[in-house]
>>> print(open('structure_1.cif').read())   # mmCIF, C-alpha atoms
data_coords
loop_
_atom_site.label_atom_id
_atom_site.label_comp_id
_atom_site.auth_asym_id
_atom_site.auth_seq_id
_atom_site.Cartn_x
_atom_site.Cartn_y
_atom_site.Cartn_z
CA MET T 82 2.78 -9.79 10.45
CA GLN T 83 -0.20 -10.39 8.16
CA THR T 84 0.89 -9.35 4.67
CA LEU T 85 -2.49 -10.00 3.03
CA ALA T 86 -4.81 -8.54 5.66
CA ASN T 87 -8.39 -8.22 4.31
CA LYS T 88 -7.28 -9.00 0.74
CA ARG T 89 -10.08 -10.80 -1.09
CA ILE T 90 -8.51 -13.77 -2.83
CA LEU T 91 -10.46 -16.09 -5.08
CA LEU T 92 -8.60 -19.41 -5.29
CA GLY T 93 -9.38 -21.44 -8.39
CA ILE T 94 -8.52 -25.13 -8.36
CA SER T 95 -8.40 -27.19 -11.56
CA GLY T 96 -8.16 -30.97 -11.81
CA GLY T 97 -4.64 -32.20 -11.18
CA ILE T 98 -2.93 -34.26 -8.49
CA ALA T 99 -1.30 -31.06 -7.14
CA ALA T 100 -4.77 -30.00 -5.97
CA TYR T 101 -3.92 -31.55 -2.60
CA LYS T 102 -1.53 -28.63 -2.00
CA SER T 103 -4.41 -26.17 -2.41
CA ALA T 104 -5.66 -27.10 1.05
CA GLU T 105 -2.41 -25.96 2.63
CA LEU T 106 -2.35 -22.88 0.40
CA THR T 107 -5.82 -21.92 1.63
CA ARG T 108 -4.69 -22.24 5.24
CA ARG T 109 -1.55 -20.17 4.63
CA LEU T 110 -3.53 -17.42 2.89
CA ARG T 111 -5.90 -17.16 5.84
CA ASP T 112 -2.92 -17.11 8.23
CA GLN T 113 -1.81 -13.96 6.39
CA GLY T 114 -5.19 -12.33 6.97
CA ALA T 115 -6.67 -12.93 3.51
CA LEU T 116 -10.37 -13.51 2.90
CA VAL T 117 -10.55 -16.64 0.74
CA ARG T 118 -13.27 -18.04 -1.49
CA VAL T 119 -12.68 -21.22 -3.47
CA VAL T 120 -13.92 -22.20 -6.93
CA MET T 121 -13.28 -25.76 -8.16
CA THR T 122 -13.65 -27.30 -11.58
CA PRO T 123 -15.60 -30.57 -11.70
CA ALA T 124 -12.33 -32.46 -12.27
CA ALA T 125 -10.74 -30.85 -9.19
CA THR T 126 -13.43 -32.36 -6.95
CA GLU T 127 -12.13 -35.82 -7.97
CA PHE T 128 -8.79 -35.05 -6.29
CA ILE T 129 -9.89 -33.15 -3.16
CA THR T 130 -13.35 -32.63 -1.70
CA PRO T 131 -15.13 -29.27 -1.60
CA LEU T 132 -15.90 -29.96 2.07
CA THR T 133 -12.16 -29.84 2.88
CA LEU T 134 -11.75 -26.45 1.19
CA GLN T 135 -14.93 -25.15 2.80
CA ALA T 136 -13.64 -26.02 6.27
CA LEU T 137 -10.27 -24.36 5.58
CA SER T 138 -11.57 -21.24 3.83
CA GLY T 139 -14.55 -20.67 6.10
CA ASN T 140 -16.76 -20.11 3.04
CA PRO T 141 -18.93 -22.31 0.81
CA VAL T 142 -17.04 -23.75 -2.17
CA HIS T 143 -18.39 -22.95 -5.63
CA THR T 144 -18.38 -25.62 -8.35
CA GLU T 145 -21.35 -24.97 -10.65
CA LEU T 146 -21.72 -22.28 -13.29
CA LEU T 147 -25.52 -22.37 -13.20
CA ASP T 148 -26.03 -22.31 -9.44
CA HIS T 149 -29.60 -21.13 -8.77
CA ALA T 150 -28.71 -20.32 -5.15
CA ALA T 151 -26.06 -17.81 -6.21
CA GLU T 152 -27.40 -14.36 -7.10
CA ALA T 153 -30.18 -15.64 -9.38
CA ALA T 154 -27.73 -17.92 -11.23
CA MET T 155 -25.24 -15.05 -11.82
CA GLY T 156 -22.72 -16.27 -9.28
CA HIS T 157 -19.78 -15.81 -11.65
CA ILE T 158 -20.47 -12.06 -11.79
CA GLU T 159 -20.80 -11.78 -8.01
CA LEU T 160 -17.52 -13.66 -7.47
CA ALA T 161 -15.74 -11.66 -10.20
CA ARG T 162 -16.76 -8.40 -8.53
CA TRP T 163 -15.81 -9.66 -5.06
CA ALA T 164 -12.23 -10.66 -5.80
CA ASP T 165 -9.20 -8.38 -5.37
CA VAL T 166 -7.08 -11.04 -7.04
CA ILE T 167 -7.75 -14.45 -8.64
CA VAL T 168 -5.19 -17.22 -8.20
CA ILE T 169 -5.46 -20.47 -10.18
CA ALA T 170 -3.47 -23.13 -8.30
CA PRO T 171 -3.04 -25.65 -9.69
CA ALA T 172 -3.59 -24.58 -13.29
CA THR T 173 -3.51 -27.70 -15.48
CA ALA T 174 -2.50 -27.77 -19.13
CA ASN T 175 -6.17 -28.19 -20.02
CA PHE T 176 -7.30 -25.17 -17.98
CA ILE T 177 -4.46 -23.03 -19.35
CA ALA T 178 -5.53 -23.98 -22.90
CA ARG T 179 -9.17 -23.06 -22.19
CA LEU T 180 -8.16 -19.78 -20.53
CA SER T 181 -5.86 -18.94 -23.42
CA ASN T 182 -8.71 -19.40 -25.88
CA GLY T 183 -11.22 -17.42 -23.83
CA LEU T 184 -13.59 -20.32 -23.23
CA ALA T 185 -16.37 -19.96 -20.67
CA ASP T 186 -17.48 -23.57 -20.29
CA ASP T 187 -17.36 -23.81 -16.49
CA LEU T 188 -17.61 -21.47 -13.51
CA LEU T 189 -13.87 -20.92 -13.04
CA ALA T 190 -13.14 -20.13 -16.70
CA THR T 191 -16.21 -17.87 -16.92
CA LEU T 192 -15.37 -15.71 -13.92
CA CYS T 193 -11.80 -15.30 -15.25
CA LEU T 194 -13.40 -13.58 -18.27
CA ALA T 195 -15.81 -11.57 -16.13
CA THR T 196 -13.30 -10.05 -13.73
CA THR T 197 -11.11 -6.95 -13.80
CA ALA T 198 -9.00 -8.27 -10.90
CA PRO T 199 -5.37 -9.33 -11.44
CA LEU T 200 -5.09 -12.97 -12.50
CA LEU T 201 -2.24 -15.18 -11.27
CA VAL T 202 -1.76 -18.60 -12.86
CA VAL T 203 0.27 -21.30 -11.06
CA PRO T 204 0.89 -24.20 -13.47
CA ALA T 205 1.18 -27.87 -12.45
CA MET T 206 1.52 -30.70 -14.98
CA ASN T 207 3.77 -33.43 -16.31
CA GLN T 208 7.14 -32.10 -17.46
CA GLN T 209 6.59 -33.15 -21.08
CA MET T 210 3.14 -31.48 -21.12
CA TRP T 211 4.78 -28.31 -19.84
CA ARG T 212 7.46 -28.43 -22.57
CA ASN T 213 4.92 -29.10 -25.35
CA PRO T 214 4.89 -26.23 -27.88
CA ALA T 215 1.09 -25.94 -27.57
CA THR T 216 1.36 -25.31 -23.82
CA GLN T 217 4.18 -22.82 -24.31
CA GLU T 218 2.13 -20.95 -26.95
CA ASN T 219 -0.83 -20.80 -24.56
CA ILE T 220 1.39 -19.50 -21.76
CA ALA T 221 2.84 -16.82 -24.05
CA ARG T 222 -0.66 -15.67 -25.01
CA LEU T 223 -1.69 -15.35 -21.36
CA GLN T 224 1.43 -13.39 -20.47
CA ALA T 225 0.87 -11.09 -23.44
CA ARG T 226 -2.52 -10.25 -21.91
CA GLY T 227 -0.90 -9.23 -18.64
CA ILE T 228 -1.68 -12.43 -16.72
CA THR T 229 1.02 -13.27 -14.17
CA LEU T 230 2.68 -16.71 -14.25
CA LEU T 231 4.00 -18.15 -10.98
CA GLY T 232 6.37 -21.08 -11.53
CA PRO T 233 6.41 -23.87 -12.28
CA ALA T 234 9.07 -25.45 -10.09
CA SER T 235 11.28 -28.27 -11.26
CA GLY T 236 11.81 -31.64 -9.57
CA ALA T 237 10.32 -35.08 -8.97
CA GLN T 238 6.72 -35.45 -10.11
CA ALA T 239 3.84 -37.72 -9.08
CA CYS T 240 4.13 -39.60 -12.39
CA GLY T 241 7.70 -40.61 -11.51
CA GLU T 242 9.35 -38.29 -13.98
CA THR T 243 11.60 -35.34 -13.15
CA GLY T 244 11.58 -31.87 -14.67
CA PRO T 245 9.67 -28.57 -14.82
CA GLY T 246 5.96 -28.62 -14.04
CA ARG T 247 5.75 -28.98 -10.26
CA LEU T 248 3.36 -26.66 -8.41
CA LEU T 249 5.19 -24.07 -6.32
CA GLU T 250 5.05 -24.71 -2.59
CA PRO T 251 2.26 -22.90 -0.70
CA ASP T 252 4.67 -20.53 1.06
CA GLU T 253 6.20 -19.54 -2.28
CA ILE T 254 2.76 -18.86 -3.75
CA VAL T 255 1.74 -16.74 -0.75
CA ALA T 256 4.96 -14.71 -1.02
CA ALA T 257 4.37 -14.20 -4.74
CA ILE T 258 0.78 -13.07 -4.16
CA SER T 259 1.99 -10.59 -1.55
CA ALA T 260 4.63 -9.24 -3.91
CA ALA T 261 2.20 -9.06 -6.83
CA GLY T 262 -0.04 -6.73 -4.85
CA ARG T 263 2.76 -4.22 -4.34
CA THR T 264 3.81 -1.61 -6.87
CA ASN T 265 6.48 1.07 -6.98
CA GLN T 266 4.12 3.85 -8.08
CA LEU T 267 4.89 5.83 -4.91
CA ALA T 268 8.37 4.50 -4.18
CA GLY T 269 10.14 6.92 -1.84
CA VAL T 270 7.07 9.18 -1.54
CA ARG T 271 6.10 10.04 2.05
CA VAL T 272 2.38 9.70 2.67
CA MET T 273 0.51 10.69 5.83
CA VAL T 274 -2.99 9.31 6.41
CA SER T 275 -5.35 10.24 9.21
CA ALA T 276 -8.09 7.79 10.18
CA GLY T 277 -10.82 7.05 12.68
CA PRO T 278 -12.81 9.26 15.03
CA THR T 279 -11.65 11.53 17.83
CA ARG T 280 -13.04 11.65 21.35
CA GLU T 281 -13.71 14.98 23.03
CA PHE T 282 -14.12 14.30 26.74
CA ILE T 283 -16.81 15.94 28.84
CA ASP T 284 -15.65 14.26 32.03
CA PRO T 285 -13.35 11.26 32.71
CA VAL T 286 -15.97 8.73 31.49
CA ARG T 287 -18.03 10.58 28.85
CA TYR T 288 -17.09 12.06 25.50
CA LEU T 289 -18.41 13.47 22.22
CA SER T 290 -17.55 11.38 19.14
CA ASN T 291 -18.98 9.95 15.91
CA CYS T 292 -19.63 6.63 14.16
CA SER T 293 -16.35 6.37 12.23
CA SER T 294 -14.82 2.89 12.36
CA GLY T 295 -11.53 3.94 10.70
CA ARG T 296 -11.84 1.21 8.06
CA MET T 297 -11.59 3.54 5.08
CA GLY T 298 -8.55 5.35 6.44
CA TYR T 299 -6.80 2.08 7.29
CA ALA T 300 -7.59 0.74 3.81
CA VAL T 301 -6.11 3.90 2.26
CA ALA T 302 -2.96 3.55 4.37
CA ARG T 303 -2.62 -0.08 3.27
CA ALA T 304 -3.11 0.88 -0.39
CA ALA T 305 -0.43 3.57 -0.09
CA ALA T 306 1.99 1.04 1.41
CA GLU T 307 1.22 -1.40 -1.42
CA ALA T 308 2.09 1.41 -3.85
CA GLY T 309 5.54 1.61 -2.26
CA ALA T 310 5.04 4.76 -0.19
CA LEU T 311 6.58 5.45 3.21
CA VAL T 312 3.35 5.68 5.19
CA THR T 313 2.55 7.28 8.52
CA LEU T 314 -0.93 6.55 9.87
CA ILE T 315 -2.29 8.90 12.51
CA THR T 316 -5.26 7.15 14.03
CA GLY T 317 -7.99 7.89 16.51
CA PRO T 318 -9.38 5.13 18.77
CA VAL T 319 -10.44 2.16 16.62
CA ALA T 320 -10.69 -1.62 16.92
CA LEU T 321 -8.53 -2.40 13.89
CA THR T 322 -5.17 -4.07 13.28
CA PRO T 323 -2.67 -1.60 11.76
CA PRO T 324 -1.61 -2.36 8.17
CA ALA T 325 1.77 -3.96 7.54
CA ARG T 326 4.74 -1.71 6.68
CA VAL T 327 3.03 1.36 8.14
CA ARG T 328 4.24 3.62 10.95
CA VAL T 329 1.39 4.27 13.39
CA ILE T 330 0.80 7.24 15.70
CA GLU T 331 -2.16 6.82 18.05
CA VAL T 332 -4.16 9.83 19.26
CA VAL T 333 -7.47 10.34 21.04
CA SER T 334 -8.66 13.93 20.79
CA ALA T 335 -8.87 16.46 17.95
CA GLU T 336 -6.20 18.52 19.68
CA GLN T 337 -3.84 15.52 19.77
CA MET T 338 -4.54 14.73 16.11
CA HIS T 339 -3.95 18.37 15.20
CA ALA T 340 -0.57 18.34 16.94
CA ALA T 341 0.47 15.00 15.42
CA VAL T 342 -0.51 15.98 11.87
CA LEU T 343 1.27 19.34 12.06
CA ALA T 344 4.39 17.69 13.46
CA GLU T 345 4.52 15.34 10.44
CA ALA T 346 3.34 17.77 7.75
CA ALA T 347 6.74 19.22 6.87
CA SER T 348 8.13 15.75 6.11
CA CYS T 349 5.29 14.38 3.99
CA ASP T 350 4.58 14.66 0.26
CA ILE T 351 0.93 13.57 0.33
CA PHE T 352 -1.62 14.05 3.12
CA ILE T 353 -4.86 12.05 2.97
CA SER T 354 -7.30 13.20 5.63
CA ALA T 355 -9.70 10.29 6.10
CA ALA T 356 -10.24 10.89 9.83
CA ALA T 357 -13.63 11.98 11.13
CA VAL T 358 -12.34 14.67 13.44
CA ALA T 359 -14.90 16.11 15.85
CA ASP T 360 -16.00 19.61 14.84
CA TYR T 361 -16.71 20.66 18.44
CA ARG T 362 -15.44 19.93 21.93
CA SER T 363 -16.58 20.89 25.40
CA ARG T 364 -15.16 24.21 26.59
CA GLN T 365 -14.46 22.65 29.95
CA THR T 366 -13.76 19.07 30.95
CA ALA T 367 -14.90 18.10 34.42
CA LEU T 368 -12.18 16.60 36.60
CA HIS T 369 -14.59 14.06 38.09
CA LYS T 370 -17.58 12.14 36.80
CA MET T 371 -20.58 14.42 36.48
CA LYS T 372 -23.56 13.22 38.50
CA LYS T 373 -26.98 12.80 36.93
CA GLN T 374 -29.24 15.78 37.60
CA ASP T 375 -33.02 15.96 37.48
CA THR T 376 -32.91 19.26 35.63
CA GLY T 377 -30.45 18.17 32.94
CA ILE T 378 -27.21 19.89 32.00
CA VAL T 379 -26.04 22.44 29.44
CA LEU T 380 -22.85 21.78 27.48
CA ARG T 381 -20.94 24.74 26.10
CA LEU T 382 -19.03 23.76 22.98
CA GLU T 383 -16.23 25.34 21.02
CA LYS T 384 -14.80 24.61 17.59
CA THR T 385 -11.84 22.28 17.18
CA PRO T 386 -8.94 23.26 14.88
CA ASP T 387 -9.57 22.80 11.14
CA ILE T 388 -6.66 20.45 10.48
CA LEU T 389 -7.30 20.01 6.77
CA SER T 390 -7.44 23.75 5.99
CA GLU T 391 -4.36 24.40 8.08
CA ILE T 392 -2.30 21.82 6.18
CA ALA T 393 -3.57 22.91 2.75
CA THR T 394 -2.60 26.54 3.39
CA LEU T 395 0.96 25.92 4.61
CA ALA T 396 3.70 27.79 2.77
CA ARG T 397 4.81 24.48 1.20
CA PRO T 398 1.78 22.20 1.55
CA PRO T 399 1.78 18.51 0.66
CA PHE T 400 -0.59 17.20 -1.99
CA THR T 401 -3.72 17.34 0.16
CA VAL T 402 -6.70 15.00 -0.14
CA GLY T 403 -9.81 15.49 1.96
CA PHE T 404 -12.87 13.33 2.63
CA ALA T 405 -16.45 14.53 2.86
CA ALA T 406 -19.19 12.41 4.43
CA GLU T 407 -22.58 13.80 3.44
CA THR T 408 -26.24 12.88 3.92
CA GLU T 409 -27.49 15.27 1.20
CA ASN T 410 -26.28 17.46 -1.68
CA LEU T 411 -23.17 15.29 -2.00
CA SER T 412 -21.70 16.87 -5.12
CA ASP T 413 -22.35 20.51 -4.21
CA ASN T 414 -21.05 20.15 -0.64
CA ALA T 415 -17.93 18.28 -1.75
CA LYS T 416 -17.06 20.80 -4.47
CA GLN T 417 -17.58 23.67 -2.04
CA LYS T 418 -15.25 22.03 0.48
CA LEU T 419 -12.66 21.43 -2.25
CA VAL T 420 -12.52 25.15 -3.03
CA GLN T 421 -12.96 26.58 0.47
CA LYS T 422 -10.20 24.45 1.96
CA ASN T 423 -7.85 24.83 -1.03
CA LEU T 424 -7.55 21.06 -1.52
CA ASP T 425 -5.92 19.16 -4.37
CA MET T 426 -8.62 16.49 -4.25
CA ILE T 427 -11.66 15.42 -2.26
CA ALA T 428 -13.35 12.02 -1.96
CA ALA T 429 -17.01 12.35 -1.05
CA ASN T 430 -19.27 9.59 0.19
CA ARG T 431 -22.89 9.42 1.18
CA VAL T 432 -23.44 8.01 4.67
CA GLY T 433 -26.43 5.97 5.75
CA ASP T 434 -28.41 3.14 4.12
CA GLY T 435 -25.61 0.66 4.79
CA LEU T 436 -22.81 2.81 3.35
CA GLY T 437 -20.04 4.87 4.91
CA PHE T 438 -19.56 4.73 8.66
CA ASP T 439 -19.11 1.31 10.27
CA SER T 440 -19.66 -0.58 7.01
CA ASP T 441 -17.39 -2.79 4.92
CA LYS T 442 -18.62 -1.07 1.76
CA ASN T 443 -18.56 2.45 0.45
CA ALA T 444 -18.99 4.47 -2.74
CA LEU T 445 -16.93 7.56 -3.60
CA GLU T 446 -17.29 10.59 -5.82
CA VAL T 447 -13.80 12.01 -6.36
CA TYR T 448 -13.32 15.67 -7.36
CA TRP T 449 -10.29 17.79 -8.17
CA PRO T 450 -9.91 21.18 -9.87
CA GLY T 451 -11.15 20.61 -13.41
CA GLY T 452 -12.12 16.96 -13.11
CA SER T 453 -13.96 14.17 -11.32
CA GLN T 454 -14.37 10.40 -11.23
CA SER T 455 -17.05 8.17 -9.78
CA LEU T 456 -16.10 5.02 -7.86
CA GLY T 457 -19.15 2.80 -7.44
CA THR T 458 -20.12 0.73 -4.42
CA ALA T 459 -17.40 -1.74 -3.48
CA ALA T 460 -15.48 -3.06 -0.51
CA LYS T 461 -13.44 -0.33 1.17
CA GLU T 462 -10.17 -2.18 0.48
CA LYS T 463 -10.91 -2.22 -3.26
CA LEU T 464 -12.11 1.40 -3.24
CA ALA T 465 -8.93 2.48 -1.44
CA ARG T 466 -6.76 0.95 -4.18
CA GLN T 467 -8.86 2.62 -6.88
CA LEU T 468 -8.64 5.94 -5.07
CA MET T 469 -4.87 5.53 -4.69
CA GLY T 470 -4.59 5.12 -8.46
CA ILE T 471 -6.31 8.49 -8.95
CA ILE T 472 -4.13 10.12 -6.29
CA VAL T 473 -0.97 8.78 -7.93
CA ALA T 474 -1.99 10.18 -11.32
CA ARG T 475 -2.94 13.62 -9.98
CA TYR T 476 0.12 13.83 -7.70
CA ARG T 477 2.45 13.02 -10.60
CA GLU T 478 0.73 15.55 -12.84
CA LYS T 479 1.04 18.31 -10.24
CA SER T 480 4.67 17.39 -9.51
CA SER T 481 5.46 17.50 -13.22
CA GLN T 482 3.86 20.93 -13.58
CA GLN T 483 5.84 22.29 -10.65
CA THR T 484 9.08 20.83 -12.01
CA HIS T 485 8.61 22.53 -15.38
CA GLU T 486 7.49 25.91 -14.09
CA PRO T 487 10.01 28.60 -15.12
CA ALA T 488 12.04 30.07 -12.30
CA ALA T 489 11.18 33.60 -11.22
CA ILE T 490 13.63 36.24 -12.46
CA ASP T 491 14.36 39.30 -10.34
CA VAL T 492 14.49 42.34 -12.65
CA SER T 493 14.36 44.99 -9.94
CA ASP T 494 17.08 47.66 -9.69
#
>>> encode(input="structure_1.cif", output="structure tokens")
Amino acid sequence: MQTLANKRILLGISGGIAAYKSAELTRRLRDQGALVRVVMTPAATEFITPLTLQALSGNPVHTELLDHAAEAAMGHIELARWADVIVIAPATANFIARLSNGLADDLLATLCLATTAPLLVVPAMNQQMWRNPATQENIARLQARGITLLGPASGAQACGETGPGRLLEPDEIVAAISAAGRTNQLAGVRVMVSAGPTREFIDPVRYLSNCSSGRMGYAVARAAAEAGALVTLITGPVALTPPARVRVIEVVSAEQMHAAVLAEAASCDIFISAAAVADYRSRQTALHKMKKQDTGIVLRLEKTPDILSEIATLARPPFTVGFAAETENLSDNAKQKLVQKNLDMIAANRVGDGLGFDSDKNALEVYWPGGSQSLGTAAKEKLARQLMGIIVARYREKSSQQTHEPAAIDVSD
């Protein structure tokens, strides 16, 4: 099971003998489905070649701060925006000191200042360097800023000494990265996510459908699982690998998705409707393949069930989040849908021009009664985590309001 599927990990390598383990770490990260880019300090290239890391990561290795081939010499900004998480392994005493003091004197140190992604530091140094009060003060400063420390391990070192300062083994680092991405924000909360298109068959070989790839819905399901939720993913036909720790129900048609969602609705706390369910289906489905005719054919269509409205208007509805894909009047259409369908929240995106359907990137405008938030263009995995943060906050606020509502008192005779 790939625990880091599609996670964008920037691996920073500083100059210590433990850099040889970074090659194996890169391979293990990719085995877990991660997308890996490598940044090396100049000193790191003395211990292991960039070519080795390029072959293992499948991406060019970055070593220069002022690289004119990288986004008009602004490569540190591009890399900082790309990363879901930055892991420095090994992190030498020198790099930890520079990071602690906020220096930006090489590419790796600069992008650590330019990112909003979580930063994980994996120290590796001589045991006496690790114990030095200056190193311990630097470590304390990093931890006070919310930077996560992984290790070090204790044992025999390359210098012949024994003690704390060994780099954690690659498998231990991968496990720690996986755990660091998970939170307990939705621990015990039951979340249902719908994703992908539906297919409305005209005959056994032809159907009506749309361009949805299911990527956004799958990313949302993965983000919910990372938040600790018990996730059920109801998915139309897609060419995607299901997220880890997620229960999957596969459907094809709008009718099947309608039945599956209603069957699960009573046992879920949050419903996120990211599926692109067909609005219409053929009134009749031919039993055999329809033959081509010179005069053409006429299809009679009928509406499919409005799953989102039906869930939102249940007697005890879950916290209901809709999606709206629009080509025009994004804000007005989304707000209208929010009200008409009685939703708790809606995430609207403009489709076309490389965004939305069948794209790795998206941009969302999120609305709820009395508020809104804009999520700019980013990878769908990153957007899904940002959206999940908004959902968590709104869900908790609504749950708190319901908990503190006074009980109704019957004063009738």
>>> closest_residue(input="structure_1.cif", among="T:Ser334, T:Thr122, T:Gln467, T:Gln208", to="T:Ala356", atoms="all atoms listed in the file")
T:Ser334
>>> closest_residue(input="structure_1.cif", among="T:Ile94, T:Val420, T:Ala124, T:Ala215", to="T:Val202", atoms="only C-alpha atoms")
T:Ile94
>>> closest_residue(input="structure_1.cif", among="T:Ala429, T:Val329, T:Ala237, T:Ala460", to="T:Lys88", atoms="only C-alpha atoms")
T:Ala460
>>> residues_around(input="structure_1.cif", residues="T:Phe400", least_positions_apart="2", cutoff="7 Å", atoms="all atoms listed in the file", output="list in words")
Asp350, Ile351, Phe352, Pro398, Val402, Asp425 and Tyr476 of chain T
>>> atom_distance(input="structure_1.cif", atom1="atom CA of T:Arg109", atom2="atom CA of T:Ser95")
18.9 Å
>>> resolve_selection(input="structure_1.cif", expression="the PyMOL selection byres ((chain T and resi 87) around 6)", output="MDAnalysis selection string")
chainID T and resid 86 88 114:116
>>> resolve_selection(input="structure_1.cif", expression="the PyMOL selection byres ((chain T and resi 364-366) around 6)", output="JSON list (two decimals) with C-alpha atoms, keeping the file's coordinate frame")
[["chain", "number", "residue", "atom", "x", "y", "z"],
["T", 283, "ILE", "CA", -16.81, 15.94, 28.84],
["T", 284, "ASP", "CA", -15.65, 14.26, 32.03],
["T", 363, "SER", "CA", -16.58, 20.89, 25.40],
["T", 367, "ALA", "CA", -14.90, 18.10, 34.42],
["T", 381, "ARG", "CA", -20.94, 24.74, 26.10],
["T", 382, "LEU", "CA", -19.03, 23.76, 22.98],
["T", 383, "GLU", "CA", -16.23, 25.34, 21.02]]
>>> resolve_selection(input="structure_1.cif", expression="the PyMOL selection byres ((chain T and resi 268) around 8)", output="PyMOL selection string")
chain T and resi 265-267+269-270+308-311
>>> write_last_selection(input="structure_1.cif", atoms="C-alpha atoms", output="PDB file, keeping the file's coordinate frame")
ATOM      1  CA  ASN T 265       6.480   1.070  -6.980  1.00  0.00           C
ATOM      2  CA  GLN T 266       4.120   3.850  -8.080  1.00  0.00           C
ATOM      3  CA  LEU T 267       4.890   5.830  -4.910  1.00  0.00           C
ATOM      4  CA  GLY T 269      10.140   6.920  -1.840  1.00  0.00           C
ATOM      5  CA  VAL T 270       7.070   9.180  -1.540  1.00  0.00           C
ATOM      6  CA  ALA T 308       2.090   1.410  -3.850  1.00  0.00           C
ATOM      7  CA  GLY T 309       5.540   1.610  -2.260  1.00  0.00           C
ATOM      8  CA  ALA T 310       5.040   4.760  -0.190  1.00  0.00           C
ATOM      9  CA  LEU T 311       6.580   5.450   3.210  1.00  0.00           C
TER      10      LEU T 311
END
>>> atom_distance(input="structure_1.cif", atom1="atom CA of T:Leu184", atom2="atom CA of T:Pro171")
18.0 Å
>>> decode(input="structure_1.cif", residues="stretch 453-466 of chain T", atoms="N, CA and C atoms", output="PDB file, in the first residue's frame")
ATOM      1  N   SER T 453     -16.462  33.345   2.991  1.00  0.00           N
ATOM      2  CA  SER T 453     -15.839  32.776   1.799  1.00  0.00           C
ATOM      3  C   SER T 453     -14.334  32.784   1.962  1.00  0.00           C
ATOM      4  N   GLN T 454     -13.655  31.994   1.140  1.00  0.00           N
ATOM      5  CA  GLN T 454     -12.198  31.965   1.124  1.00  0.00           C
ATOM      6  C   GLN T 454     -11.731  31.540  -0.253  1.00  0.00           C
ATOM      7  N   SER T 455     -10.706  32.204  -0.746  1.00  0.00           N
ATOM      8  CA  SER T 455     -10.158  31.898  -2.063  1.00  0.00           C
ATOM      9  C   SER T 455      -8.916  31.030  -1.924  1.00  0.00           C
ATOM     10  N   LEU T 456      -8.872  29.937  -2.674  1.00  0.00           N
ATOM     11  CA  LEU T 456      -7.710  29.055  -2.720  1.00  0.00           C
ATOM     12  C   LEU T 456      -7.139  29.135  -4.129  1.00  0.00           C
ATOM     13  N   GLY T 457      -5.976  29.751  -4.259  1.00  0.00           N
ATOM     14  CA  GLY T 457      -5.384  29.993  -5.565  1.00  0.00           C
ATOM     15  C   GLY T 457      -4.927  28.730  -6.263  1.00  0.00           C
ATOM     16  N   THR T 458      -4.476  28.888  -7.487  1.00  0.00           N
ATOM     17  CA  THR T 458      -4.062  27.760  -8.319  1.00  0.00           C
ATOM     18  C   THR T 458      -2.958  26.955  -7.647  1.00  0.00           C
ATOM     19  N   ALA T 459      -3.178  25.661  -7.551  1.00  0.00           N
ATOM     20  CA  ALA T 459      -2.200  24.759  -6.931  1.00  0.00           C
ATOM     21  C   ALA T 459      -2.512  23.341  -7.363  1.00  0.00           C
ATOM     22  N   ALA T 460      -1.618  22.434  -7.047  1.00  0.00           N
ATOM     23  CA  ALA T 460      -1.870  21.020  -7.309  1.00  0.00           C
ATOM     24  C   ALA T 460      -3.110  20.579  -6.536  1.00  0.00           C
ATOM     25  N   LYS T 461      -3.882  19.672  -7.121  1.00  0.00           N
ATOM     26  CA  LYS T 461      -5.132  19.246  -6.492  1.00  0.00           C
ATOM     27  C   LYS T 461      -4.906  18.615  -5.121  1.00  0.00           C
ATOM     28  N   GLU T 462      -3.787  17.905  -4.935  1.00  0.00           N
ATOM     29  CA  GLU T 462      -3.501  17.310  -3.629  1.00  0.00           C
ATOM     30  C   GLU T 462      -3.353  18.398  -2.567  1.00  0.00           C
ATOM     31  N   LYS T 463      -2.632  19.471  -2.915  1.00  0.00           N
ATOM     32  CA  LYS T 463      -2.434  20.560  -1.960  1.00  0.00           C
ATOM     33  C   LYS T 463      -3.750  21.301  -1.712  1.00  0.00           C
ATOM     34  N   LEU T 464      -4.506  21.552  -2.780  1.00  0.00           N
ATOM     35  CA  LEU T 464      -5.802  22.216  -2.634  1.00  0.00           C
ATOM     36  C   LEU T 464      -6.731  21.412  -1.739  1.00  0.00           C
ATOM     37  N   ALA T 465      -6.720  20.088  -1.910  1.00  0.00           N
ATOM     38  CA  ALA T 465      -7.608  19.234  -1.120  1.00  0.00           C
ATOM     39  C   ALA T 465      -7.297  19.363   0.363  1.00  0.00           C
ATOM     40  N   ARG T 466      -6.023  19.450   0.726  1.00  0.00           N
ATOM     41  CA  ARG T 466      -5.659  19.597   2.136  1.00  0.00           C
ATOM     42  C   ARG T 466      -6.074  20.966   2.655  1.00  0.00           C
TER      43      ARG T 466
END
